[in-house]
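Asks: As input, take entry17.cif (mmCIF, C-alpha atoms):
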data_my_file
#
loop_
_atom_site.label_atom_id
_atom_site.label_comp_id
_atom_site.auth_asym_id
_atom_site.auth_seq_id
_atom_site.Cartn_x
_atom_site.Cartn_y
_atom_site.Cartn_z
CA MET A 1 31.48 -49.71 8.88
CA PRO A 2 34.47 -48.49 10.87
CA ALA A 3 38.05 -49.10 9.82
CA ALA A 4 39.62 -52.22 11.32
CA ALA A 5 41.39 -50.26 14.06
CA GLU A 6 38.58 -47.85 15.00
CA VAL A 7 35.45 -47.72 17.10
CA VAL A 8 32.81 -45.40 15.67
CA ALA A 9 30.38 -43.97 18.21
CA THR A 10 27.10 -42.33 17.19
CA TYR A 11 25.67 -39.62 19.45
CA LEU A 12 22.63 -37.42 19.66
CA VAL A 13 24.17 -34.04 20.44
CA GLU A 14 22.35 -30.86 21.49
CA THR A 15 24.30 -27.64 21.88
CA TYR A 16 24.18 -23.86 21.76
CA LEU A 17 27.50 -23.86 19.90
CA PRO A 18 28.03 -24.44 16.19
CA LEU A 19 27.63 -28.18 15.71
CA GLU A 20 31.10 -28.74 14.31
CA GLN A 21 32.61 -26.93 17.30
CA ALA A 22 30.65 -29.09 19.74
CA ALA A 23 31.65 -32.27 17.88
CA GLU A 24 35.32 -31.27 18.03
CA ALA A 25 34.94 -30.59 21.77
CA ILE A 26 33.75 -34.17 22.27
CA ALA A 27 36.53 -35.62 20.13
CA GLY A 28 39.17 -33.57 21.91
CA GLU A 29 37.94 -34.21 25.45
CA GLN A 30 37.72 -37.93 24.85
CA SER A 31 41.18 -38.31 23.27
CA THR A 32 44.20 -36.01 23.13
CA GLY A 33 42.74 -32.57 23.86
CA THR A 34 42.26 -30.41 26.93
CA PHE A 35 40.99 -26.86 27.47
CA VAL A 36 44.24 -25.30 26.25
CA LYS A 37 46.95 -26.31 23.78
CA VAL A 38 49.82 -28.09 25.51
CA ALA A 39 53.44 -28.43 24.44
CA ARG A 40 53.58 -32.17 23.84
CA GLU A 41 50.38 -32.43 21.79
CA THR A 42 52.32 -32.65 18.55
CA ALA A 43 50.88 -33.05 15.08
CA GLU A 44 52.24 -36.58 14.98
CA LEU A 45 50.57 -37.46 18.31
CA ARG A 46 47.23 -36.01 17.18
CA GLU A 47 47.45 -37.89 13.89
CA ARG A 48 47.77 -41.19 15.71
CA PHE A 49 45.60 -40.74 18.81
CA ALA A 50 43.09 -37.90 18.33
CA ALA A 51 39.47 -38.92 17.92
CA ARG A 52 38.09 -37.93 14.54
CA VAL A 53 34.73 -36.39 13.67
CA VAL A 54 33.31 -38.57 10.91
CA ALA A 55 29.93 -36.94 10.29
CA VAL A 56 27.58 -34.27 11.61
CA GLU A 57 23.94 -34.54 10.52
CA GLU A 58 21.83 -31.62 11.73
CA LEU A 59 18.33 -32.45 13.00
CA PRO A 60 15.18 -30.47 13.71
CA PRO A 61 14.91 -29.26 17.31
CA THR A 62 14.11 -32.13 19.68
CA GLY A 63 12.37 -30.13 22.37
CA ASN A 64 14.43 -31.91 25.02
CA PRO A 65 15.25 -29.92 28.17
CA ASP A 66 18.81 -28.71 28.65
CA LEU A 67 21.36 -30.38 30.86
CA PRO A 68 22.37 -28.16 33.80
CA GLY A 69 25.20 -25.74 33.09
CA ALA A 70 24.94 -25.78 29.28
CA SER A 71 26.56 -22.70 27.72
CA GLY A 72 26.55 -20.95 24.34
CA ASP A 73 24.48 -18.53 22.26
CA GLU A 74 20.69 -18.29 22.05
CA ARG A 75 19.91 -20.95 19.42
CA LYS A 76 20.06 -24.61 20.34
CA ARG A 77 21.10 -27.03 17.61
CA SER A 78 20.65 -30.81 17.41
CA ALA A 79 22.54 -33.38 15.36
CA TYR A 80 23.63 -36.95 14.98
CA VAL A 81 27.40 -36.92 15.41
CA ARG A 82 29.67 -39.83 14.54
CA ILE A 83 33.15 -39.90 16.03
CA ALA A 84 35.91 -42.42 15.35
CA PHE A 85 38.22 -43.48 18.18
CA GLY A 86 41.41 -45.29 17.29
CA LEU A 87 41.69 -48.69 18.95
CA ASP A 88 45.28 -47.78 19.86
CA ASN A 89 43.81 -45.43 22.48
CA PHE A 90 42.34 -48.20 24.65
CA GLY A 91 42.58 -51.65 23.07
CA PRO A 92 39.74 -54.22 23.01
CA SER A 93 38.69 -53.57 26.62
CA LEU A 94 35.09 -52.84 27.62
CA PRO A 95 35.85 -50.58 30.59
CA ASN A 96 38.46 -48.60 28.69
CA LEU A 97 36.18 -48.41 25.65
CA LEU A 98 33.55 -46.79 27.86
CA ALA A 99 36.11 -44.36 29.22
CA ALA A 100 36.70 -43.23 25.64
CA VAL A 101 33.19 -43.13 24.18
CA ALA A 102 31.40 -41.97 27.34
CA GLY A 103 33.82 -40.92 30.07
CA ASN A 104 33.65 -37.20 30.82
CA LEU A 105 31.61 -36.09 27.84
CA PHE A 106 28.32 -36.10 29.80
CA GLU A 107 29.79 -33.29 31.90
CA LEU A 108 30.89 -30.94 29.10
CA ARG A 109 29.28 -27.53 29.46
CA GLN A 110 29.47 -27.14 25.67
CA LEU A 111 26.66 -29.69 25.44
CA ALA A 112 22.99 -29.15 26.30
CA GLY A 113 22.33 -32.83 25.59
CA ILE A 114 24.47 -35.88 24.81
CA ARG A 115 23.33 -39.46 24.31
CA LEU A 116 25.41 -42.38 23.06
CA LEU A 117 23.17 -44.10 20.51
CA ASP A 118 25.27 -46.84 18.93
CA LEU A 119 28.73 -48.34 18.61
CA ASP A 120 30.40 -49.88 15.55
CA LEU A 121 33.11 -52.15 16.89
CA PRO A 122 36.15 -53.71 15.18
CA LEU A 123 36.78 -57.46 15.14
CA ALA A 124 39.42 -57.12 17.85
CA PHE A 125 36.57 -57.13 20.37
CA ALA A 126 35.39 -60.50 19.07
CA GLU A 127 38.87 -61.87 19.63
CA ARG A 128 38.87 -60.59 23.22
CA TYR A 129 35.28 -61.36 24.30
CA PRO A 130 33.68 -64.71 23.37
CA GLY A 131 30.18 -63.49 24.19
CA PRO A 132 27.18 -65.74 24.89
CA GLN A 133 27.97 -69.38 25.58
CA TYR A 134 24.43 -70.68 24.92
CA GLY A 135 22.25 -67.99 23.34
CA VAL A 136 19.02 -68.96 21.61
CA ARG A 137 20.02 -72.37 20.30
CA GLY A 138 21.80 -73.52 23.44
CA THR A 139 18.89 -72.48 25.62
CA ARG A 140 16.46 -74.33 23.38
CA GLU A 141 18.62 -77.44 23.52
CA LEU A 142 18.78 -77.40 27.32
CA LEU A 143 15.00 -77.01 27.48
CA ASP A 144 14.29 -79.48 24.66
CA ARG A 145 12.12 -76.79 23.03
CA PRO A 146 13.39 -76.65 19.43
CA ASP A 147 10.73 -74.19 18.32
CA GLY A 148 7.97 -71.93 19.57
CA VAL A 149 8.05 -69.06 22.02
CA LEU A 150 9.63 -69.90 25.36
CA LEU A 151 7.32 -69.04 28.24
CA GLY A 152 8.47 -68.12 31.69
CA THR A 153 7.68 -66.29 34.89
CA ILE A 154 9.19 -64.62 37.91
CA VAL A 155 8.64 -65.94 41.41
CA LYS A 156 5.92 -63.83 43.03
CA PRO A 157 5.77 -62.32 45.60
CA SER A 158 9.16 -60.93 44.61
CA ILE A 159 10.59 -61.32 48.12
CA GLY A 160 9.34 -62.78 51.37
CA LEU A 161 8.53 -66.39 50.47
CA PRO A 162 10.28 -68.94 52.70
CA PRO A 163 11.84 -71.93 50.90
CA ASP A 164 8.95 -74.28 51.73
CA GLU A 165 6.46 -71.97 50.03
CA LEU A 166 8.83 -71.43 47.11
CA ARG A 167 8.81 -75.21 46.65
CA LEU A 168 5.03 -75.18 46.20
CA VAL A 169 5.17 -72.31 43.68
CA VAL A 170 7.87 -74.06 41.64
CA ARG A 171 5.97 -77.35 41.71
CA GLU A 172 2.76 -75.78 40.40
CA LEU A 173 4.54 -73.91 37.63
CA ALA A 174 6.65 -76.88 36.56
CA GLU A 175 3.70 -79.26 36.50
CA ALA A 176 1.80 -76.79 34.33
CA GLY A 177 4.57 -77.02 31.72
CA ILE A 178 6.33 -73.68 32.07
CA ASP A 179 9.70 -73.40 30.32
CA PHE A 180 11.51 -70.97 32.57
CA ILE A 181 11.31 -69.58 36.11
CA LYS A 182 13.56 -66.99 37.66
CA ASP A 183 14.27 -65.27 40.93
CA ASP A 184 13.22 -61.64 41.09
CA GLU A 185 16.16 -59.23 40.92
CA LEU A 186 15.31 -58.19 44.48
CA MET A 187 15.99 -61.73 45.70
CA GLY A 188 19.66 -62.18 46.43
CA ASN A 189 20.85 -64.04 49.50
CA PRO A 190 18.55 -62.83 52.30
CA PRO A 191 18.37 -64.40 55.76
CA HIS A 192 14.76 -65.57 55.29
CA SER A 193 15.62 -67.46 52.09
CA PRO A 194 19.37 -68.02 51.68
CA LEU A 195 20.54 -68.84 48.19
CA ALA A 196 21.88 -72.23 49.28
CA GLU A 197 18.47 -73.23 50.65
CA ARG A 198 16.65 -71.96 47.56
CA VAL A 199 18.98 -73.87 45.29
CA ALA A 200 18.51 -77.08 47.27
CA VAL A 201 14.72 -76.79 47.41
CA VAL A 202 14.20 -75.74 43.80
CA THR A 203 16.54 -78.26 42.18
CA GLU A 204 15.08 -81.06 44.29
CA GLU A 205 11.52 -80.11 43.35
CA LEU A 206 12.31 -79.70 39.66
CA GLY A 207 13.94 -83.12 39.70
CA LYS A 208 10.81 -84.66 41.18
CA VAL A 209 8.56 -83.00 38.60
CA ALA A 210 10.88 -84.08 35.78
CA ALA A 211 10.68 -87.67 37.00
CA ARG A 212 6.87 -87.49 36.81
CA THR A 213 6.42 -85.45 33.64
CA GLY A 214 9.61 -85.87 31.64
CA ARG A 215 10.14 -82.10 31.46
CA ARG A 216 12.32 -79.86 33.58
CA PRO A 217 12.02 -76.08 33.40
CA MET A 218 15.09 -73.88 33.53
CA TYR A 219 15.38 -71.92 36.79
CA ALA A 220 17.57 -68.81 36.86
CA PHE A 221 18.96 -68.26 40.35
CA ASN A 222 20.00 -64.68 41.05
CA ILE A 223 23.72 -64.92 41.86
CA THR A 224 24.39 -61.16 41.65
CA ASP A 225 26.93 -60.23 44.31
CA ASP A 226 30.53 -59.15 44.81
CA LEU A 227 32.82 -60.99 42.41
CA ASP A 228 34.17 -63.60 44.81
CA ARG A 229 30.69 -64.42 46.06
CA MET A 230 29.24 -64.41 42.56
CA ALA A 231 31.69 -67.12 41.48
CA ALA A 232 30.89 -69.16 44.58
CA ASN A 233 27.17 -68.71 43.94
CA HIS A 234 27.58 -70.00 40.40
CA ASP A 235 29.49 -73.02 41.64
CA LEU A 236 26.77 -73.71 44.20
CA VAL A 237 24.06 -73.71 41.50
CA ARG A 238 26.12 -75.86 39.16
CA ALA A 239 27.00 -78.42 41.83
CA ALA A 240 23.31 -78.83 42.71
CA GLY A 241 22.38 -79.54 39.09
CA GLY A 242 20.98 -76.10 38.34
CA THR A 243 20.76 -75.07 34.71
CA CYS A 244 20.84 -71.24 34.72
CA VAL A 245 22.09 -68.25 36.68
CA MET A 246 20.86 -64.68 36.63
CA VAL A 247 23.02 -61.59 36.90
CA CYS A 248 21.92 -57.95 37.07
CA VAL A 249 24.25 -56.57 34.42
CA ASN A 250 24.40 -52.96 35.62
CA LEU A 251 24.99 -53.95 39.23
CA VAL A 252 28.10 -56.01 38.50
CA GLY A 253 29.18 -54.02 35.43
CA PHE A 254 30.18 -55.25 32.00
CA SER A 255 33.60 -56.28 33.33
CA GLY A 256 31.97 -58.25 36.13
CA LEU A 257 29.75 -60.01 33.63
CA ALA A 258 32.70 -60.80 31.36
CA TRP A 259 34.64 -62.08 34.40
CA LEU A 260 31.76 -64.42 35.24
CA ARG A 261 31.45 -65.56 31.62
CA GLN A 262 35.06 -66.80 31.71
CA ARG A 263 34.22 -69.01 34.71
CA CYS A 264 30.62 -69.93 33.91
CA ALA A 265 29.33 -73.31 32.77
CA LEU A 266 25.64 -72.29 32.72
CA PRO A 267 23.51 -69.89 30.67
CA ILE A 268 23.64 -66.34 32.01
CA HIS A 269 20.25 -64.64 32.23
CA GLY A 270 21.08 -60.93 31.92
CA HIS A 271 18.71 -58.70 33.88
CA ARG A 272 18.60 -55.01 32.98
CA ALA A 273 17.77 -53.60 36.44
CA MET A 274 18.84 -49.95 36.65
CA THR A 275 19.08 -49.54 32.87
CA GLY A 276 16.66 -46.61 33.09
CA VAL A 277 19.50 -44.60 34.64
CA TYR A 278 21.15 -44.71 31.21
CA THR A 279 18.17 -44.84 28.87
CA ARG A 280 15.20 -42.92 30.23
CA ALA A 281 16.23 -39.28 29.81
CA PRO A 282 16.14 -38.54 26.05
CA GLN A 283 18.89 -35.90 26.23
CA LEU A 284 21.34 -37.91 28.33
CA GLY A 285 22.85 -41.34 28.77
CA ILE A 286 23.42 -44.49 26.76
CA ASP A 287 20.76 -45.84 24.42
CA TYR A 288 19.65 -49.46 24.82
CA VAL A 289 21.07 -50.32 21.37
CA ALA A 290 24.60 -49.43 22.47
CA TRP A 291 24.10 -50.86 25.97
CA SER A 292 22.88 -54.21 24.65
CA LYS A 293 25.92 -54.62 22.40
CA LEU A 294 28.20 -54.29 25.40
CA ALA A 295 26.12 -56.74 27.45
CA ARG A 296 26.20 -59.28 24.61
CA LEU A 297 29.96 -58.93 24.22
CA ALA A 298 30.35 -59.47 27.95
CA GLY A 299 28.46 -62.77 27.72
CA ALA A 300 24.72 -62.43 28.39
CA ASP A 301 22.86 -65.43 26.92
CA HIS A 302 19.48 -63.84 27.64
CA LEU A 303 18.83 -60.11 27.81
CA HIS A 304 15.75 -58.25 29.02
CA THR A 305 14.22 -55.90 26.47
CA ASN A 306 10.89 -55.04 28.14
CA GLY A 307 7.62 -56.00 26.42
CA LEU A 308 4.69 -54.42 24.59
CA SER A 309 2.17 -52.47 26.68
CA ASN A 310 4.59 -52.65 29.58
CA LYS A 311 4.15 -51.06 32.99
CA PHE A 312 7.27 -48.91 32.61
CA TYR A 313 8.01 -45.81 30.53
CA GLU A 314 9.03 -47.31 27.19
CA SER A 315 6.76 -47.08 24.17
CA ASP A 316 6.06 -50.11 22.01
CA GLU A 317 8.27 -48.57 19.33
CA GLU A 318 11.19 -48.40 21.76
CA VAL A 319 10.61 -51.97 22.93
CA LEU A 320 10.52 -53.29 19.37
CA ARG A 321 13.75 -51.45 18.61
CA SER A 322 15.35 -53.08 21.66
CA ILE A 323 14.19 -56.55 20.60
CA SER A 324 15.53 -55.94 17.10
CA ALA A 325 18.86 -54.74 18.54
CA VAL A 326 19.32 -57.93 20.57
CA ARG A 327 18.44 -60.10 17.54
CA THR A 328 20.75 -58.27 15.11
CA PRO A 329 24.05 -60.15 14.53
CA LEU A 330 27.05 -58.50 16.17
CA LEU A 331 30.56 -59.09 14.83
CA GLY A 332 29.28 -62.16 13.01
CA GLY A 333 27.53 -63.73 16.00
CA TYR A 334 26.78 -63.02 19.67
CA GLU A 335 23.38 -64.71 19.57
CA THR A 336 21.36 -63.58 22.58
CA LEU A 337 17.76 -64.45 23.47
CA PRO A 338 15.47 -61.41 23.91
CA VAL A 339 13.49 -61.53 27.16
CA LEU A 340 10.12 -59.77 27.19
CA SER A 341 8.72 -58.84 30.59
CA SER A 342 6.80 -56.18 32.54
CA GLY A 343 3.03 -56.49 32.52
CA GLN A 344 2.84 -59.32 29.98
CA THR A 345 -0.49 -61.16 29.70
CA PRO A 346 -2.03 -63.68 27.26
CA GLY A 347 -3.89 -60.93 25.45
CA LEU A 348 -0.63 -59.42 24.20
CA ALA A 349 0.52 -62.56 22.38
CA PRO A 350 -1.01 -61.86 18.93
CA GLU A 351 0.28 -58.29 18.73
CA THR A 352 3.70 -59.24 20.05
CA TYR A 353 4.04 -62.00 17.46
CA ARG A 354 2.75 -59.74 14.68
CA GLN A 355 5.17 -56.94 15.57
CA THR A 356 8.28 -59.06 16.19
CA GLY A 357 7.70 -61.74 13.55
CA THR A 358 9.62 -64.33 15.53
CA THR A 359 9.21 -67.04 18.15
CA ASP A 360 12.83 -66.75 19.28
CA LEU A 361 11.64 -64.95 22.39
CA LEU A 362 11.49 -65.69 26.10
CA VAL A 363 8.24 -64.13 27.33
CA LEU A 364 8.02 -63.68 31.09
CA ALA A 365 4.65 -63.06 32.73
CA GLY A 366 4.76 -62.39 36.46
CA GLY A 367 1.38 -61.09 37.51
CA GLY A 368 -0.02 -62.34 34.21
CA ILE A 369 0.56 -65.89 35.45
CA HIS A 370 0.49 -65.65 39.24
CA GLY A 371 -2.52 -63.34 39.16
CA HIS A 372 -4.70 -65.72 37.13
CA PRO A 373 -8.07 -66.20 38.88
CA SER A 374 -7.58 -69.98 38.95
CA GLY A 375 -3.96 -69.92 40.05
CA ALA A 376 -0.49 -69.92 38.54
CA GLY A 377 -0.91 -73.28 36.80
CA ALA A 378 -3.92 -71.96 34.92
CA GLY A 379 -1.88 -68.84 34.14
CA VAL A 380 0.71 -70.99 32.40
CA THR A 381 -1.99 -72.82 30.46
CA ALA A 382 -3.51 -69.51 29.36
CA MET A 383 -0.18 -68.10 28.16
CA ARG A 384 0.60 -71.30 26.25
CA ALA A 385 -2.83 -71.30 24.57
CA ALA A 386 -2.56 -67.61 23.67
CA TRP A 387 0.81 -68.04 21.98
CA ALA A 388 -0.35 -71.18 20.18
CA ALA A 389 -3.27 -69.17 18.82
CA ALA A 390 -1.06 -66.23 17.88
CA THR A 391 1.44 -68.31 15.93
CA SER A 392 -1.25 -70.36 14.18
CA GLY A 393 -3.33 -67.34 13.19
CA THR A 394 -6.28 -68.36 15.37
CA GLU A 395 -8.38 -65.60 16.93
CA LEU A 396 -7.92 -65.41 20.68
CA SER A 397 -11.66 -65.43 21.17
CA ALA A 398 -11.92 -68.73 19.32
CA ALA A 399 -9.06 -70.23 21.32
CA ALA A 400 -10.67 -69.01 24.55
CA ARG A 401 -13.83 -70.98 23.79
CA GLU A 402 -11.71 -74.13 23.79
CA VAL A 403 -9.44 -73.28 26.74
CA PRO A 404 -11.25 -72.09 29.87
CA ALA A 405 -8.01 -70.86 31.47
CA LEU A 406 -7.45 -68.52 28.51
CA ARG A 407 -11.02 -67.26 28.69
CA GLU A 408 -10.56 -66.45 32.39
CA ALA A 409 -7.28 -64.68 31.69
CA LEU A 410 -8.78 -62.50 28.96
CA GLU A 411 -11.66 -61.60 31.25
CA ALA A 412 -9.25 -60.74 34.08
CA PHE A 413 -6.47 -58.96 32.18
CA GLY A 414 -8.10 -57.85 28.93
CA GLY A 415 -7.67 -58.96 25.39
CA GLY A 416 -4.65 -56.85 24.43
CA ARG A 417 -4.65 -55.26 21.01
CA GLY A 418 -4.45 -58.41 18.91
#
Would it be possible to restate this file's structure as structure tokens?
Replies:
Amino acid sequence: MPAAAEVVATYLVETYLPLEQAAEAIAGEQSTGTFVKVARETAELRERFAARVVAVEELPPTGNPDLPGASGDERKRSAYVRIAFGLDNFGPSLPNLLAAVAGNLFELRQLAGIRLLDLDLPLAFAERYPGPQYGVRGTRELLDRPDGVLLGTIVKPSIGLPPDELRLVVRELAEAGIDFIKDDELMGNPPHSPLAERVAVVTEELGKVAARTGRRPMYAFNITDDLDRMAANHDLVRAAGGTCVMVCVNLVGFSGLAWLRQRCALPIHGHRAMTGVYTRAPQLGIDYVAWSKLARLAGADHLHTNGLSNKFYESDEEVLRSISAVRTPLLGGYETLPVLSSGQTPGLAPETYRQTGTTDLLVLAGGGIHGHPSGAGAGVTAMRAAWAAATSGTELSAAAREVPALREALEAFGGGRG
């Protein structure tokens, strides 16, 4: 653990220089140093403000390609490097923290690869950032779902539906007993379906279904926008009786998310759109583990992690590590609900439950619900039956004999690997 007044950043570093020299280049560039010694960089100043190399652990070659412009001798070296940054350099501030631990280091020619893997943060950040307002328990309370996996979906088609058709989609899903519905991240405030009209239609329809069934799903309206509009969008949802808002974390930034959290009365569904810019290249960027800590500090109640057998680039191992990262306590709290999405179908339920070992998950199936041969309502029924089977230890094939909607789903989408 870092000292009380330090942030310790862990990097994967690749370089053609001696590892210790490369580590010192990072520490110097990101604190007191520059390319030459300067008059006022005294020993006393360095003692107080210079970043400090804590550890260098050499690794076997990664095989990753070089970043453009990398310089050095003929042998490339790889290592985990841990560097401590004194909190006096930037204070408990997310944007200024990023300036220190990321900043210019991705541009250093001394490095053939540099990836921020993790951050150990001092308690001063907990005093500055309250983090999630609802998290797992608060979300369950709002939904009156004290246990079991929470099941949700994304409105499909992603864009293009007029409000009257959206009403029909929401009605079918809500009557089928879904827990959660959300706008797609592509759906903001377009002329064909303005946010104000969507909010009015959806909240009215959910109220009608609740009056008939006694249950009201949570709907996450995408309020991502410029800051002034984002606050107004939140107020619009709240005034209409909405119960959740969605924000694309990378598009508003951690500071934008923290700004909203200070003004927000509803759960914030944190979408990870554009995270691949930081995470996909193995020799560059910010790992999901570090990224998710910053998003949780900034106030995300729910956070997308991707799901098993997803349609994107991440392996199951990477997805499971992301889920674990979101569920791991941070500074004594910051409880955030992992959101599994991307190509999720009923057949994946047993393996997902086996690998994660928890039901504190929000599992979103878009095509896996809307693409069901008998319609979205049957898609909800199939997902519910699959997760009931998974958590009870029942074989999916046995459950499918009792639930026709599940049988159809397994025939259409496959049986997963469970």
Asks: Applying the PyMOL selection byres ((chain A and resi 185) around 10) to the file I just gave you, which residues come out? Please list them as a VMD selection string.
Replies: chain A and resid 154 158 to 159 182 to 184 186 to 188 221 to 224 246 to 248 271 to 273
Asks: So what does the PyMOL selection byres ((chain A and resi 92) around 8) actually pick up in this one, as a PyMOL selection string?
Replies: chain A and resi 87+90-91+93-94+97+124-125+128
Asks: Carefully work through the PyMOL selection byres ((chain A and resi 385) around 9) for this structure and note down the residues it includes, as a PDB file with C-alpha atoms, in the frame of the given file.
Replies:
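Generated file (expr_32.pdb):
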ATOM      1  CA  PRO A 346      -2.030 -63.680  27.260  1.00  0.00           C
ATOM      2  CA  VAL A 380       0.710 -70.990  32.400  1.00  0.00           C
ATOM      3  CA  THR A 381      -1.990 -72.820  30.460  1.00  0.00           C
ATOM      4  CA  ALA A 382      -3.510 -69.510  29.360  1.00  0.00           C
ATOM      5  CA  MET A 383      -0.180 -68.100  28.160  1.00  0.00           C
ATOM      6  CA  ARG A 384       0.600 -71.300  26.250  1.00  0.00           C
ATOM      7  CA  ALA A 386      -2.560 -67.610  23.670  1.00  0.00           C
ATOM      8  CA  TRP A 387       0.810 -68.040  21.980  1.00  0.00           C
ATOM      9  CA  ALA A 388      -0.350 -71.180  20.180  1.00  0.00           C
ATOM     10  CA  ALA A 389      -3.270 -69.170  18.820  1.00  0.00           C
ATOM     11  CA  ALA A 390      -1.060 -66.230  17.880  1.00  0.00           C
ATOM     12  CA  LEU A 396      -7.920 -65.410  20.680  1.00  0.00           C
ATOM     13  CA  ALA A 399      -9.060 -70.230  21.320  1.00  0.00           C
ATOM     14  CA  ALA A 400     -10.670 -69.010  24.550  1.00  0.00           C
ATOM     15  CA  VAL A 403      -9.440 -73.280  26.740  1.00  0.00           C
ATOM     16  CA  ALA A 405      -8.010 -70.860  31.470  1.00  0.00           C
ATOM     17  CA  LEU A 406      -7.450 -68.520  28.510  1.00  0.00           C
TER      18      LEU A 406
END
Asks: From the set A:Pro404, A:Pro68, A:Gly379, A:Pro146, which residue has the shortest atom-to-atom contact distance to Ala176 of chain A, counting only C-alpha atoms?
Replies: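 Among the listed residues, the smallest separation from Ala176 of chain A belongs to A:Gly379.
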Asks: Taking all atoms listed in the file into account, name the residue in A:Gly113, A:Gly347, A:Pro162, A:Pro217 that is nearest to Pro194 of chain A.
Replies: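 Ranked by minimum distance to Pro194 of chain A, first place goes to A:Pro162.
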Asks: As an exercise, work out the distance from atom CA of Lys156 of chain A to atom CA of Val363 of chain A in Å and give it to one decimal place.
Replies: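 Calculated distance between atom CA of Lys156 of chain A and atom CA of Val363 of chain A is 15.9 Å.
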